[in-house]
file start.cif (mmCIF, C-alpha atoms)
data_input
#
loop_
_atom_site.label_atom_id
_atom_site.label_comp_id
_atom_site.auth_asym_id
_atom_site.auth_seq_id
_atom_site.Cartn_x
_atom_site.Cartn_y
_atom_site.Cartn_z
CA MET S 1 -52.64 156.02 -55.27
CA SER S 2 -53.12 158.31 -58.26
CA ASP S 3 -56.30 160.33 -58.64
CA ARG S 4 -57.18 158.30 -61.70
CA ARG S 5 -56.87 155.04 -59.81
CA GLN S 6 -58.97 156.50 -57.05
CA GLU S 7 -61.63 157.24 -59.63
CA VAL S 8 -61.53 153.61 -60.68
CA VAL S 9 -62.03 152.58 -57.06
CA GLY S 10 -65.11 154.77 -56.98
CA ILE S 11 -66.71 153.14 -59.99
CA LEU S 12 -65.90 149.52 -59.12
CA PRO S 13 -69.52 148.89 -58.01
CA ASN S 14 -70.79 150.24 -61.34
CA ILE S 15 -68.43 148.01 -63.32
CA ARG S 16 -69.37 145.00 -61.24
CA ARG S 17 -73.11 145.55 -61.69
CA PHE S 18 -72.53 145.71 -65.43
CA ALA S 19 -70.35 142.61 -65.28
CA LEU S 20 -73.18 140.87 -63.44
CA SER S 21 -75.58 141.76 -66.23
CA LEU S 22 -73.20 140.26 -68.77
CA THR S 23 -72.21 137.10 -66.96
CA GLY S 24 -75.39 136.30 -65.07
CA SER S 25 -73.39 135.12 -62.10
CA MET S 26 -71.89 136.96 -59.16
CA ALA S 27 -68.76 134.82 -59.14
CA ASP S 28 -68.23 135.33 -62.85
CA ALA S 29 -68.98 139.03 -62.45
CA ASP S 30 -66.16 139.31 -59.92
CA ASP S 31 -63.81 137.47 -62.29
CA LEU S 32 -64.78 139.77 -65.12
CA LEU S 33 -64.37 142.80 -62.87
CA GLN S 34 -60.85 141.72 -61.97
CA ALA S 35 -59.98 141.03 -65.60
CA THR S 36 -61.33 144.44 -66.57
CA VAL S 37 -59.26 146.27 -63.99
CA GLU S 38 -56.17 144.30 -65.02
CA ARG S 39 -56.76 145.19 -68.65
CA MET S 40 -57.24 148.84 -67.86
CA LEU S 41 -54.08 149.01 -65.75
CA ASP S 42 -52.08 147.13 -68.38
CA ARG S 43 -53.12 149.56 -71.07
CA GLY S 44 -52.82 152.58 -68.85
CA LEU S 45 -55.79 154.62 -67.67
CA PRO S 46 -56.71 157.22 -70.29
CA ASP S 47 -56.37 160.87 -69.35
CA ASP S 48 -58.85 162.17 -71.84
CA ALA S 49 -61.76 159.71 -71.69
CA ALA S 50 -64.62 159.55 -69.22
CA LEU S 51 -63.65 156.65 -67.06
CA LEU S 52 -67.01 154.98 -66.53
CA PRO S 53 -68.01 154.42 -70.15
CA TYR S 54 -64.42 153.52 -70.99
CA SER S 55 -64.32 150.89 -68.27
CA LEU S 56 -67.70 149.45 -69.21
CA LYS S 57 -66.63 149.14 -72.85
CA THR S 58 -63.44 147.45 -71.77
CA CYS S 59 -65.48 145.07 -69.63
CA ARG S 60 -67.86 144.22 -72.44
CA ASN S 61 -65.12 143.74 -75.01
CA LEU S 62 -63.24 141.47 -72.66
CA TRP S 63 -66.37 139.43 -72.02
CA ILE S 64 -67.17 139.01 -75.68
CA ASP S 65 -63.67 138.51 -76.99
CA GLU S 66 -62.11 136.38 -74.34
CA ILE S 67 -64.11 135.22 -71.41
CA ARG S 68 -67.62 134.33 -72.47
CA SER S 69 -66.79 131.24 -74.47
CA ARG S 70 -64.61 129.90 -71.68
CA LYS S 71 -67.38 130.38 -69.15
CA VAL S 72 -69.90 128.71 -71.40
CA ARG S 73 -67.69 125.64 -71.59
CA GLN S 74 -67.19 125.63 -67.83
CA ALA S 75 -70.89 126.05 -67.19
CA ALA S 76 -71.68 123.10 -69.39
CA ALA S 77 -69.73 120.87 -67.07
CA ALA S 78 -70.80 122.46 -63.79
CA SER S 79 -74.07 123.00 -62.00
CA GLY S 80 -75.44 126.52 -62.26
CA ASP S 81 -74.65 128.94 -59.48
CA PRO S 82 -77.14 131.48 -58.27
CA LEU S 83 -76.98 134.99 -59.58
CA LEU S 84 -76.41 136.20 -56.07
CA SER S 85 -75.14 134.23 -53.13
CA GLY S 86 -77.27 134.43 -50.05
CA ASN S 87 -79.55 137.26 -49.11
CA THR S 88 -77.79 140.37 -50.21
CA THR S 89 -80.60 142.86 -50.24
CA THR S 90 -80.30 145.86 -48.05
CA CYS S 91 -83.29 147.18 -46.18
CA GLY S 92 -83.65 150.03 -48.64
CA GLU S 93 -83.72 147.83 -51.69
CA GLN S 94 -86.17 145.39 -50.15
CA GLN S 95 -88.49 148.26 -49.38
CA ALA S 96 -88.15 149.45 -52.96
CA LEU S 97 -89.06 146.03 -54.30
CA GLY S 98 -92.27 145.95 -52.32
CA GLU S 99 -94.19 142.81 -53.03
CA ILE S 100 -91.79 141.48 -55.63
CA ALA S 101 -89.33 139.07 -54.12
CA LEU S 102 -85.74 139.61 -55.11
CA ARG S 103 -85.37 135.95 -55.83
CA GLU S 104 -88.18 136.04 -58.36
CA VAL S 105 -86.49 138.88 -60.17
CA GLN S 106 -83.23 136.98 -60.03
CA ALA S 107 -84.80 133.93 -61.65
CA VAL S 108 -86.31 135.94 -64.47
CA LEU S 109 -83.12 137.85 -65.16
CA ALA S 110 -81.06 134.68 -65.12
CA GLU S 111 -83.10 133.31 -68.01
CA MET S 112 -83.21 136.56 -69.92
CA PRO S 113 -80.89 136.93 -72.92
CA GLU S 114 -77.68 138.65 -71.94
CA GLU S 115 -78.30 141.40 -74.49
CA GLN S 116 -81.51 142.42 -72.75
CA ARG S 117 -80.01 142.11 -69.31
CA SER S 118 -77.07 144.35 -70.10
CA VAL S 119 -79.27 147.08 -71.56
CA LEU S 120 -81.57 146.90 -68.53
CA GLU S 121 -78.62 147.25 -66.21
CA LEU S 122 -77.17 150.25 -67.99
CA VAL S 123 -80.43 152.16 -68.26
CA ALA S 124 -82.30 151.04 -65.14
CA ALA S 125 -79.44 150.69 -62.67
CA GLU S 126 -76.76 153.02 -64.00
CA GLY S 127 -79.15 155.66 -65.32
CA PHE S 128 -77.51 155.81 -68.73
CA SER S 129 -79.30 157.50 -71.59
CA TYR S 130 -80.07 155.41 -74.65
CA ARG S 131 -77.23 157.12 -76.47
CA GLN S 132 -74.77 156.34 -73.67
CA ALA S 133 -75.92 152.74 -73.48
CA ALA S 134 -75.67 152.40 -77.25
CA ASP S 135 -72.13 153.74 -77.13
CA VAL S 136 -71.03 151.28 -74.45
CA LEU S 137 -72.66 148.31 -76.14
CA GLY S 138 -71.74 149.25 -79.68
CA ILE S 139 -75.32 149.01 -80.95
CA PRO S 140 -77.80 151.46 -82.50
CA ILE S 141 -80.05 153.48 -80.24
CA GLY S 142 -83.11 151.80 -81.74
CA THR S 143 -81.72 148.43 -80.69
CA VAL S 144 -81.28 149.73 -77.13
CA MET S 145 -84.89 150.79 -77.17
CA SER S 146 -86.25 147.49 -78.42
CA ARG S 147 -84.11 145.31 -76.15
CA LEU S 148 -85.10 147.39 -73.16
CA ALA S 149 -88.77 147.11 -73.97
CA ARG S 150 -88.52 143.35 -74.46
CA GLY S 151 -86.60 142.93 -71.21
CA ARG S 152 -89.13 144.92 -69.23
CA ALA S 153 -92.05 143.15 -70.87
CA THR S 154 -90.51 139.79 -69.96
CA LEU S 155 -90.19 140.89 -66.36
CA VAL S 156 -93.79 142.08 -66.34
CA GLU S 157 -95.15 138.81 -67.73
CA ARG S 158 -92.98 136.50 -65.67
CA LEU S 159 -93.47 138.31 -62.39
CA LYS S 160 -97.24 138.37 -62.88
CA ASN S 161 -97.40 134.57 -63.07
CA MET Z 1 -110.82 153.42 -74.96
CA SER Z 2 -110.58 150.47 -72.68
CA GLY Z 3 -109.46 146.88 -72.82
CA LYS Z 4 -106.13 145.15 -72.87
CA ALA Z 5 -103.17 147.31 -73.82
CA ASP Z 6 -101.45 146.43 -77.05
CA THR Z 7 -97.94 145.24 -76.22
CA SER Z 8 -96.72 146.91 -79.39
CA ASP Z 9 -96.86 150.04 -77.24
CA ASP Z 10 -94.18 148.59 -74.96
CA ALA Z 11 -91.30 150.28 -76.77
CA ILE Z 12 -92.85 153.70 -76.61
CA LEU Z 13 -93.95 153.21 -73.01
CA SER Z 14 -90.44 152.08 -72.13
CA ALA Z 15 -88.95 155.15 -73.80
CA TYR Z 16 -91.47 157.36 -72.00
CA LEU Z 17 -90.29 155.90 -68.70
CA ASP Z 18 -86.72 156.79 -69.60
CA ASP Z 19 -87.59 160.30 -70.73
CA GLU Z 20 -86.32 159.46 -74.20
CA LEU Z 21 -89.32 160.68 -76.19
CA SER Z 22 -89.39 164.03 -77.90
CA GLY Z 23 -91.72 166.64 -76.47
CA ASP Z 24 -94.34 165.99 -79.15
CA GLU Z 25 -94.16 162.22 -78.77
CA ALA Z 26 -94.42 162.48 -74.98
CA GLY Z 27 -97.37 164.83 -75.28
CA ARG Z 28 -99.24 162.50 -77.63
CA LEU Z 29 -98.58 159.51 -75.38
CA HIS Z 30 -99.70 161.46 -72.35
CA ASP Z 31 -103.01 162.19 -74.04
CA ARG Z 32 -103.44 158.51 -74.84
CA LEU Z 33 -102.63 157.51 -71.28
CA VAL Z 34 -105.29 159.83 -69.93
CA GLY Z 35 -107.94 158.24 -72.10
CA ASP Z 36 -106.82 154.61 -71.92
CA PRO Z 37 -106.71 152.98 -68.46
CA ALA Z 38 -105.30 149.74 -69.86
CA LEU Z 39 -102.41 151.62 -71.40
CA ALA Z 40 -101.83 153.48 -68.16
CA ARG Z 41 -101.81 150.17 -66.31
CA ARG Z 42 -99.25 148.79 -68.73
CA LEU Z 43 -97.04 151.81 -68.09
CA GLU Z 44 -97.18 151.18 -64.36
CA GLU Z 45 -96.35 147.53 -64.91
CA MET Z 46 -93.30 148.52 -66.95
CA ARG Z 47 -92.31 151.02 -64.28
CA ALA Z 48 -92.52 148.33 -61.58
CA ALA Z 49 -90.49 145.95 -63.71
CA ASN Z 50 -87.86 148.63 -64.20
CA LEU Z 51 -87.70 149.26 -60.49
CA ALA Z 52 -87.37 145.53 -59.82
CA ALA Z 53 -84.47 145.24 -62.23
CA ARG Z 54 -82.81 148.32 -60.79
CA SER Z 55 -83.20 147.03 -57.26
CA PHE Z 56 -81.80 143.65 -58.20
CA PHE Z 57 -78.62 145.04 -59.73
CA ARG Z 58 -78.19 147.57 -56.95
CA ALA Z 59 -78.53 144.82 -54.37
CA ALA Z 60 -75.30 143.35 -55.75
CA ASP Z 61 -73.54 146.23 -54.03
CA GLY Z 62 -74.17 144.42 -50.77
CA GLU Z 63 -71.62 141.78 -51.71
CA PRO Z 64 -68.05 142.51 -50.70
CA LEU Z 65 -65.84 143.60 -53.56
CA PRO Z 66 -63.17 141.05 -54.43
CA ARG Z 67 -60.03 141.85 -52.54
CA GLY Z 68 -57.83 141.07 -55.52
CA VAL Z 69 -59.28 144.00 -57.42
CA LEU Z 70 -58.46 146.45 -54.69
CA ASP Z 71 -55.00 144.95 -54.29
CA LEU Z 72 -54.45 145.53 -58.01
CA LEU Z 73 -55.32 149.17 -57.71
CA ASN Z 74 -53.13 149.59 -54.65
CA SER Z 75 -50.18 147.77 -56.14
CA ASP Z 76 -47.56 149.71 -58.06
CA ALA Z 77 -48.76 152.85 -56.25
CA ASP Z 78 -45.84 155.11 -55.56
CA SER Z 79 -44.58 153.94 -52.16
CA SER Z 80 -43.25 157.42 -51.43
CA THR Z 81 -46.85 158.54 -50.95
CA GLN Z 82 -46.88 156.59 -47.71
CA GLU Z 83 -44.23 158.86 -46.28
CA ARG Z 84 -45.57 162.24 -47.22
CA SER Z 85 -44.87 165.20 -45.04
CA ASP Z 86 -47.70 167.27 -43.65
CA ALA Z 87 -47.27 169.86 -46.38
CA ASN Z 88 -48.18 167.47 -49.19
CA VAL Z 89 -51.54 166.90 -50.82
CA VAL Z 90 -54.22 165.77 -48.41
CA ARG Z 91 -56.83 163.18 -49.28
CA PHE Z 92 -60.06 164.68 -48.00
CA PRO Z 93 -61.25 167.74 -49.84
CA ALA Z 94 -61.06 170.72 -47.51
CA ARG Z 95 -64.79 171.39 -47.40
CA GLY Z 96 -65.45 170.85 -43.79
CA LEU Z 97 -67.39 168.18 -42.03
CA TRP Z 98 -70.31 167.92 -44.44
CA ARG Z 99 -68.05 166.16 -46.94
CA TYR Z 100 -67.70 163.42 -44.38
CA PHE Z 101 -71.29 162.36 -44.83
CA GLN Z 102 -71.21 161.71 -48.52
CA PRO Z 103 -72.00 158.12 -49.51
CA PRO Z 104 -69.07 155.96 -48.54
CA VAL Z 105 -68.11 155.09 -52.08
CA ALA Z 106 -67.68 158.75 -52.89
CA ILE Z 107 -65.54 159.16 -49.80
CA ALA Z 108 -63.46 156.12 -50.64
CA ALA Z 109 -62.90 157.39 -54.17
CA SER Z 110 -61.17 160.43 -52.84
CA VAL Z 111 -58.82 158.76 -50.38
CA ALA Z 112 -56.02 156.25 -50.62
CA LEU Z 113 -56.89 152.76 -49.44
CA ALA Z 114 -54.57 151.46 -46.79
CA VAL Z 115 -56.64 148.32 -46.41
CA GLY Z 116 -58.70 147.01 -49.29
CA PHE Z 117 -62.22 147.56 -48.09
CA LEU Z 118 -64.90 149.74 -49.53
CA ALA Z 119 -68.16 150.65 -47.99
CA GLY Z 120 -71.14 149.91 -50.12
CA ASP Z 121 -73.11 152.79 -51.61
CA MET Z 122 -76.31 151.86 -49.87
CA ALA Z 123 -77.04 153.17 -46.47
CA HIS Z 124 -73.39 153.34 -45.48
CA ARG Z 125 -73.06 149.61 -45.50
CA ALA Z 126 -69.55 148.32 -44.92
CA GLN Z 127 -68.17 145.39 -46.84
CA ASP Z 128 -65.86 143.26 -44.83
CA ALA Z 129 -66.51 139.60 -44.62
CA ASP Z 130 -64.72 139.34 -41.29
CA ILE Z 131 -65.79 142.54 -39.62
CA PRO Z 132 -69.23 143.59 -40.81
CA GLY Z 133 -70.16 147.17 -40.13
CA LEU Z 134 -66.66 148.55 -40.39
CA SER Z 135 -64.98 150.28 -43.23
CA LEU Z 136 -61.29 150.90 -43.10
CA TYR Z 137 -59.48 153.48 -45.10
CA ALA Z 138 -56.64 155.89 -44.70
CA GLY Z 139 -57.46 159.53 -45.16
CA THR Z 140 -55.48 162.50 -43.99
CA ILE Z 141 -57.76 165.15 -42.57
CA PRO Z 142 -56.89 168.59 -43.89
CA GLU Z 143 -55.60 171.06 -41.33
CA THR Z 144 -58.05 173.66 -42.55
CA SER Z 145 -61.07 171.51 -41.72
CA GLU Z 146 -63.32 171.74 -38.70
CA LEU Z 147 -62.80 168.03 -38.14
CA TYR Z 148 -59.09 168.62 -37.72
CA ASP Z 149 -59.73 171.38 -35.15
CA PHE Z 150 -62.13 169.13 -33.32
CA LEU Z 151 -59.60 166.33 -33.07
CA GLU Z 152 -56.73 168.64 -32.25
CA SER Z 153 -58.33 170.51 -29.37
CA GLY Z 154 -61.60 168.88 -28.34
CA ILE Z 155 -61.98 167.38 -24.86
CA SER Z 156 -63.41 163.91 -24.47
CA GLY Z 157 -66.94 163.69 -23.19
CA VAL Z 158 -67.83 167.27 -24.05
CA PRO Z 159 -70.39 167.38 -26.89
CA GLN Z 160 -69.80 170.05 -29.46
CA THR Z 161 -71.95 171.43 -32.24
CA LEU Z 162 -69.90 171.67 -35.36
CA PRO Z 163 -70.63 173.49 -38.63
CA GLY Z 164 -73.51 172.14 -40.63
CA GLY Z 165 -75.41 171.19 -37.52
CA ILE Z 166 -73.22 168.17 -36.93
CA ARG Z 167 -72.94 167.03 -33.32
CA GLY Z 168 -69.56 165.74 -32.30
CA ARG Z 169 -68.28 163.99 -29.22
CA LEU Z 170 -64.82 162.71 -28.55
CA MET Z 171 -64.97 159.55 -26.53
CA LEU Z 172 -61.45 158.63 -25.55
CA THR Z 173 -57.79 159.33 -26.23
CA PHE Z 174 -54.98 156.81 -26.03
CA GLU Z 175 -51.46 156.13 -27.21
CA ASN Z 176 -51.24 153.30 -29.73
CA ARG Z 177 -48.58 150.69 -30.27
CA ASP Z 178 -46.69 153.01 -32.64
CA SER Z 179 -46.62 155.75 -29.98
CA ASP Z 180 -49.12 157.83 -31.94
CA TRP Z 181 -52.04 159.49 -30.21
CA CYS Z 182 -55.46 158.21 -31.23
CA ARG Z 183 -58.97 159.38 -30.51
CA GLN Z 184 -62.33 157.70 -30.75
CA LEU Z 185 -65.07 160.04 -31.85
CA GLN Z 186 -68.74 160.09 -32.68
CA LEU Z 187 -70.27 162.41 -35.26
CA ALA Z 188 -74.01 162.66 -35.81
CA ALA Z 189 -76.02 164.42 -38.50
CA GLU Z 190 -79.48 164.12 -40.00
CA THR Z 191 -78.31 161.42 -42.37
CA GLY Z 192 -77.00 159.23 -39.59
CA SER Z 193 -74.02 158.90 -37.37
CA VAL Z 194 -70.56 157.44 -37.43
CA GLN Z 195 -68.09 156.38 -34.82
CA ALA Z 196 -64.53 156.54 -35.90
CA LEU Z 197 -60.95 156.13 -34.85
CA ALA Z 198 -58.43 158.79 -35.85
CA CYS Z 199 -54.72 158.81 -35.09
CA ARG Z 200 -52.21 161.63 -35.13
CA ARG Z 201 -49.23 160.61 -37.20
CA ARG Z 202 -46.36 163.06 -37.71
CA GLY Z 203 -48.63 165.95 -36.88
CA ALA Z 204 -51.44 164.97 -39.23
CA TRP Z 205 -54.74 163.45 -38.13
CA GLN Z 206 -55.67 160.40 -40.16
CA MET Z 207 -58.91 158.47 -40.12
CA GLU Z 208 -58.10 154.85 -39.37
CA ALA Z 209 -61.50 153.24 -39.14
CA VAL Z 210 -65.13 154.24 -39.44
CA ALA Z 211 -68.23 152.42 -38.31
CA TYR Z 212 -71.43 153.68 -39.91
CA ASP Z 213 -74.36 153.61 -37.60
CA ILE Z 214 -77.63 154.65 -39.15
CA GLU Z 215 -80.95 154.40 -37.46
CA ALA Z 216 -84.22 155.62 -38.84
CA SER Z 217 -87.55 155.69 -37.12
CA PRO Z 218 -90.61 154.26 -38.92
CA ASP Z 219 -91.65 157.74 -39.97
CA GLY Z 220 -88.28 158.28 -41.60
CA ASN Z 221 -86.83 160.69 -39.05
CA TYR Z 222 -83.35 160.25 -37.81
CA LEU Z 223 -82.82 158.78 -34.36
CA PRO Z 224 -79.61 159.31 -32.44
CA ALA Z 225 -77.50 156.22 -32.52
CA SER Z 226 -76.55 154.58 -29.28
CA SER Z 227 -73.35 155.74 -27.63
CA SER Z 228 -71.97 152.24 -27.20
CA THR Z 229 -69.06 151.40 -29.45
CA PRO Z 230 -69.89 149.22 -32.43
CA PRO Z 231 -68.16 145.86 -31.98
CA ALA Z 232 -66.27 146.29 -35.21
CA LEU Z 233 -64.73 149.54 -34.06
CA ASP Z 234 -64.02 148.05 -30.64
CA ALA Z 235 -61.91 145.43 -32.36
CA ALA Z 236 -59.98 148.09 -34.26
CA ILE Z 237 -59.33 150.02 -31.05
CA ASP Z 238 -58.25 146.87 -29.22
CA GLU Z 239 -55.73 146.24 -31.92
CA GLN Z 240 -54.32 149.75 -31.70
CA ILE Z 241 -54.37 150.30 -27.94
CA GLY Z 242 -52.49 147.15 -27.00
CA ASP Z 243 -51.94 147.06 -23.24
CA GLY Z 244 -52.34 150.84 -22.89
CA GLU Z 245 -55.11 152.70 -21.15
CA PRO Z 246 -57.10 155.71 -22.29
CA LEU Z 247 -56.02 159.05 -20.85
CA ASP Z 248 -58.04 160.63 -18.09
CA VAL Z 249 -59.41 164.12 -18.67
CA GLU Z 250 -56.54 165.91 -16.92
CA ALA Z 251 -53.88 164.03 -18.85
CA GLU Z 252 -55.78 164.77 -22.03
CA ARG Z 253 -55.96 168.50 -21.28
CA ARG Z 254 -52.23 168.61 -20.55
CA LEU Z 255 -51.44 166.81 -23.77
CA ILE Z 256 -53.59 169.13 -25.85
CA SER Z 257 -52.17 172.25 -24.23
CA ASN Z 258 -48.70 170.86 -24.94
CA ALA Z 259 -49.53 170.49 -28.65
CA TRP Z 260 -49.73 166.75 -28.37
CA LYS Z 261 -46.19 166.35 -27.16
CA LYS Z 262 -45.58 164.30 -24.06
CA MET Z 263 -44.54 166.44 -21.12
CA ASP Z 264 -41.01 165.05 -21.17
CA GLU Z 265 -40.48 165.81 -24.86
#

call {"tool": "encode", "arguments": {"input": "start.cif", "output": "structure tokens"}}
result
Amino acid sequence: MSDRRQEVVGILPNIRRFALSLTGSMADADDLLQATVERMLDRGLPDDAALLPYSLKTCRNLWIDEIRSRKVRQAAAASGDPLLSGNTTTCGEQQALGEIALREVQAVLAEMPEEQRSVLELVAAEGFSYRQAADVLGIPIGTVMSRLARGRATLVERLKN
Amino acid sequence: MSGKADTSDDAILSAYLDDELSGDEAGRLHDRLVGDPALARRLEEMRAANLAARSFFRAADGEPLPRGVLDLLNSDADSSTQERSDANVVRFPARGLWRYFQPPVAIAASVALAVGFLAGDMAHRAQDADIPGLSLYAGTIPETSELYDFLESGISGVPQTLPGGIRGRLMLTFENRDSDWCRQLQLAAETGSVQALACRRRGAWQMEAVAYDIEASPDGNYLPASSSTPPALDAAIDEQIGDGEPLDVEAERRLISNAWKKMDE
């Protein structure tokens, strides 16, 4: 396996987390992850671009251009599936959550607009700067800032109640 | 000032959390936080919400990666890489044993995948729906590494302190179904321990399977893992050893002194 492909292997969890923030469903996230990797291999992995932002942009573009509308139609005819299947927390993450149950967070995020969820994922989970998140999402930095604030505020209010 | 925090401050509090304010802006907000308990409370609420979101997305790493994705990345790989000679590029960076204890995803990113499993990046958690606790990957161990020396000349049952304060113990040696010599080993460091199976193929030691075994005491100190073989690794050894038996110490010493050639070779 080439070094570049090995790099892709290393960032698969990052791409999948982002895919989860876009799709709102673990099963759909895995589908989107697969489609993203296929697209990247079809086009050839770039030699001169940082692979993580490139892959996340590919993922997002694929979601918006091709997959989202199909999933919306499918979801309309099917019952909703949980964001995560089963109890997938590790001991470390459960300790980090403290009092807040993972399932409560899941429920709030599932109802959150995708645009807020994706920004939250990039900044909170991936550690992206606002500029990096803006680049991946194709939005102004100010929009990153406002979506992030709204997403966090929603979590605060919903988890309090 | 006291009272309920104005939620119009949410954007600036959020940016403060992310270290995205300029020095002047951060300084002004800091002064406000000192004098406004409600604002400070709001900041902590936002921080907790951020942590909750982060933890949620990170928890997704506990789900196994779809096999199809890994198959995609393995497919169309140059098949000649499977038949490399010892002189060709090795997979593990030659930085000694410490490299071995990087988070599993980082390790997996630097080696070729013979079987499509990746360990999660949390607490060395393996992702295999059928064999939890085991991560499988193929990695050639560089000849210049201490790990290679350990495998090449260590005697089973004799603990050894390796560079970086790592404690190593070889547990058994056997001939596998392909007539390659394999060794089960345990390596322990402050971050945890692993038990692994390595096999010597065409003169090169390759890691065949690794079981991560981390134990932490309530006060956060590392505890030595038990010496029993994790069931997942047992299964991998069973598959390799077939009807064979592990070598006794004398047979092992003879084999090592004969550079891993059988006495009749």

call {"tool": "resolve_selection", "arguments": {"input": "start.cif", "expression": "the PyMOL selection byres ((chain S and resi 12-29) around 6)", "output": "short mmCIF file (atom, residue, chain, number, x, y, z; two decimals) with C-alpha atoms, in the frame of the given file"}}
result
data_model
loop_
_atom_site.label_atom_id
_atom_site.label_comp_id
_atom_site.auth_asym_id
_atom_site.auth_seq_id
_atom_site.Cartn_x
_atom_site.Cartn_y
_atom_site.Cartn_z
CA VAL S 9 -62.03 152.58 -57.06
CA GLY S 10 -65.11 154.77 -56.98
CA ILE S 11 -66.71 153.14 -59.99
CA ASP S 30 -66.16 139.31 -59.92
CA ASP S 31 -63.81 137.47 -62.29
CA LEU S 32 -64.78 139.77 -65.12
CA LEU S 33 -64.37 142.80 -62.87
CA LEU S 83 -76.98 134.99 -59.58
CA LEU S 84 -76.41 136.20 -56.07
CA ALA S 110 -81.06 134.68 -65.12
CA GLU S 114 -77.68 138.65 -71.94
CA ARG S 117 -80.01 142.11 -69.31
CA SER S 118 -77.07 144.35 -70.10
CA PHE Z 57 -78.62 145.04 -59.73
#

call {"tool": "resolve_selection", "arguments": {"input": "start.cif", "expression": "the PyMOL selection byres ((chain S and resi 51-68) around 9)", "output": "JSON, numbers by chain"}}
result
{"S": [4, 7, 8, 11, 14, 15, 18, 19, 22, 23, 32, 33, 35, 36, 37, 39, 40, 45, 46, 47, 48, 49, 50, 69, 70, 71, 72, 73, 132, 133, 135, 136, 137, 138]}

call {"tool": "closest_residue", "arguments": {"input": "start.cif", "among": "Z:Glu250, Z:Asp238, Z:Asp31, Z:Glu44", "to": "chain S", "atoms": "only C-alpha atoms"}}
result
Z:Glu44

call {"tool": "atom_distance", "arguments": {"input": "start.cif", "atom1": "CA of Arg201 (chain Z)", "atom2": "CA of Arg167 (chain Z)"}}
result
24.9 Å

call {"tool": "resolve_selection", "arguments": {"input": "start.cif", "expression": "the PyMOL selection byres ((chain Z and resi 151-164) around 9)", "output": "PDB file with C-alpha atoms, keeping the file's coordinate frame"}}
result
ATOM      1  CA  GLY Z  96     -65.450 170.850 -43.790  1.00  0.00           C
ATOM      2  CA  LEU Z  97     -67.390 168.180 -42.030  1.00  0.00           C
ATOM      3  CA  TRP Z  98     -70.310 167.920 -44.440  1.00  0.00           C
ATOM      4  CA  GLU Z 146     -63.320 171.740 -38.700  1.00  0.00           C
ATOM      5  CA  LEU Z 147     -62.800 168.030 -38.140  1.00  0.00           C
ATOM      6  CA  TYR Z 148     -59.090 168.620 -37.720  1.00  0.00           C
ATOM      7  CA  ASP Z 149     -59.730 171.380 -35.150  1.00  0.00           C
ATOM      8  CA  PHE Z 150     -62.130 169.130 -33.320  1.00  0.00           C
ATOM      9  CA  GLY Z 165     -75.410 171.190 -37.520  1.00  0.00           C
ATOM     10  CA  ILE Z 166     -73.220 168.170 -36.930  1.00  0.00           C
ATOM     11  CA  ARG Z 167     -72.940 167.030 -33.320  1.00  0.00           C
ATOM     12  CA  GLY Z 168     -69.560 165.740 -32.300  1.00  0.00           C
ATOM     13  CA  ARG Z 169     -68.280 163.990 -29.220  1.00  0.00           C
ATOM     14  CA  LEU Z 170     -64.820 162.710 -28.550  1.00  0.00           C
ATOM     15  CA  MET Z 171     -64.970 159.550 -26.530  1.00  0.00           C
ATOM     16  CA  LEU Z 172     -61.450 158.630 -25.550  1.00  0.00           C
ATOM     17  CA  THR Z 173     -57.790 159.330 -26.230  1.00  0.00           C
ATOM     18  CA  ARG Z 183     -58.970 159.380 -30.510  1.00  0.00           C
ATOM     19  CA  GLN Z 184     -62.330 157.700 -30.750  1.00  0.00           C
ATOM     20  CA  LEU Z 185     -65.070 160.040 -31.850  1.00  0.00           C
ATOM     21  CA  ALA Z 189     -76.020 164.420 -38.500  1.00  0.00           C
ATOM     22  CA  ALA Z 198     -58.430 158.790 -35.850  1.00  0.00           C
ATOM     23  CA  ARG Z 200     -52.210 161.630 -35.130  1.00  0.00           C
ATOM     24  CA  TRP Z 205     -54.740 163.450 -38.130  1.00  0.00           C
ATOM     25  CA  ASP Z 248     -58.040 160.630 -18.090  1.00  0.00           C
ATOM     26  CA  VAL Z 249     -59.410 164.120 -18.670  1.00  0.00           C
ATOM     27  CA  GLU Z 252     -55.780 164.770 -22.030  1.00  0.00           C
ATOM     28  CA  ARG Z 253     -55.960 168.500 -21.280  1.00  0.00           C
ATOM     29  CA  ILE Z 256     -53.590 169.130 -25.850  1.00  0.00           C
ATOM     30  CA  SER Z 257     -52.170 172.250 -24.230  1.00  0.00           C
ATOM     31  CA  ALA Z 259     -49.530 170.490 -28.650  1.00  0.00           C
ATOM     32  CA  TRP Z 260     -49.730 166.750 -28.370  1.00  0.00           C
TER      33      TRP Z 260
END

call {"tool": "residues_near_point", "arguments": {"input": "start.cif", "point": "(-80.7, 149.2, -75.2)", "cutoff": "8 Å", "atoms": "all atoms listed in the file", "output": "PyMOL selection string"}}
result
chain S and resi 116+118-120+123+130+133-134+139+141-148

call {"tool": "write_last_selection", "arguments": {"input": "start.cif", "atoms": "C-alpha atoms", "output": "short mmCIF file (atom, residue, chain, number, x, y, z; two decimals), keeping the file's coordinate frame"}}
result
data_model
loop_
_atom_site.label_atom_id
_atom_site.label_comp_id
_atom_site.auth_asym_id
_atom_site.auth_seq_id
_atom_site.Cartn_x
_atom_site.Cartn_y
_atom_site.Cartn_z
CA GLN S 116 -81.51 142.42 -72.75
CA SER S 118 -77.07 144.35 -70.10
CA VAL S 119 -79.27 147.08 -71.56
CA LEU S 120 -81.57 146.90 -68.53
CA VAL S 123 -80.43 152.16 -68.26
CA TYR S 130 -80.07 155.41 -74.65
CA ALA S 133 -75.92 152.74 -73.48
CA ALA S 134 -75.67 152.40 -77.25
CA ILE S 139 -75.32 149.01 -80.95
CA ILE S 141 -80.05 153.48 -80.24
CA GLY S 142 -83.11 151.80 -81.74
CA THR S 143 -81.72 148.43 -80.69
CA VAL S 144 -81.28 149.73 -77.13
CA MET S 145 -84.89 150.79 -77.17
CA SER S 146 -86.25 147.49 -78.42
CA ARG S 147 -84.11 145.31 -76.15
CA LEU S 148 -85.10 147.39 -73.16
#
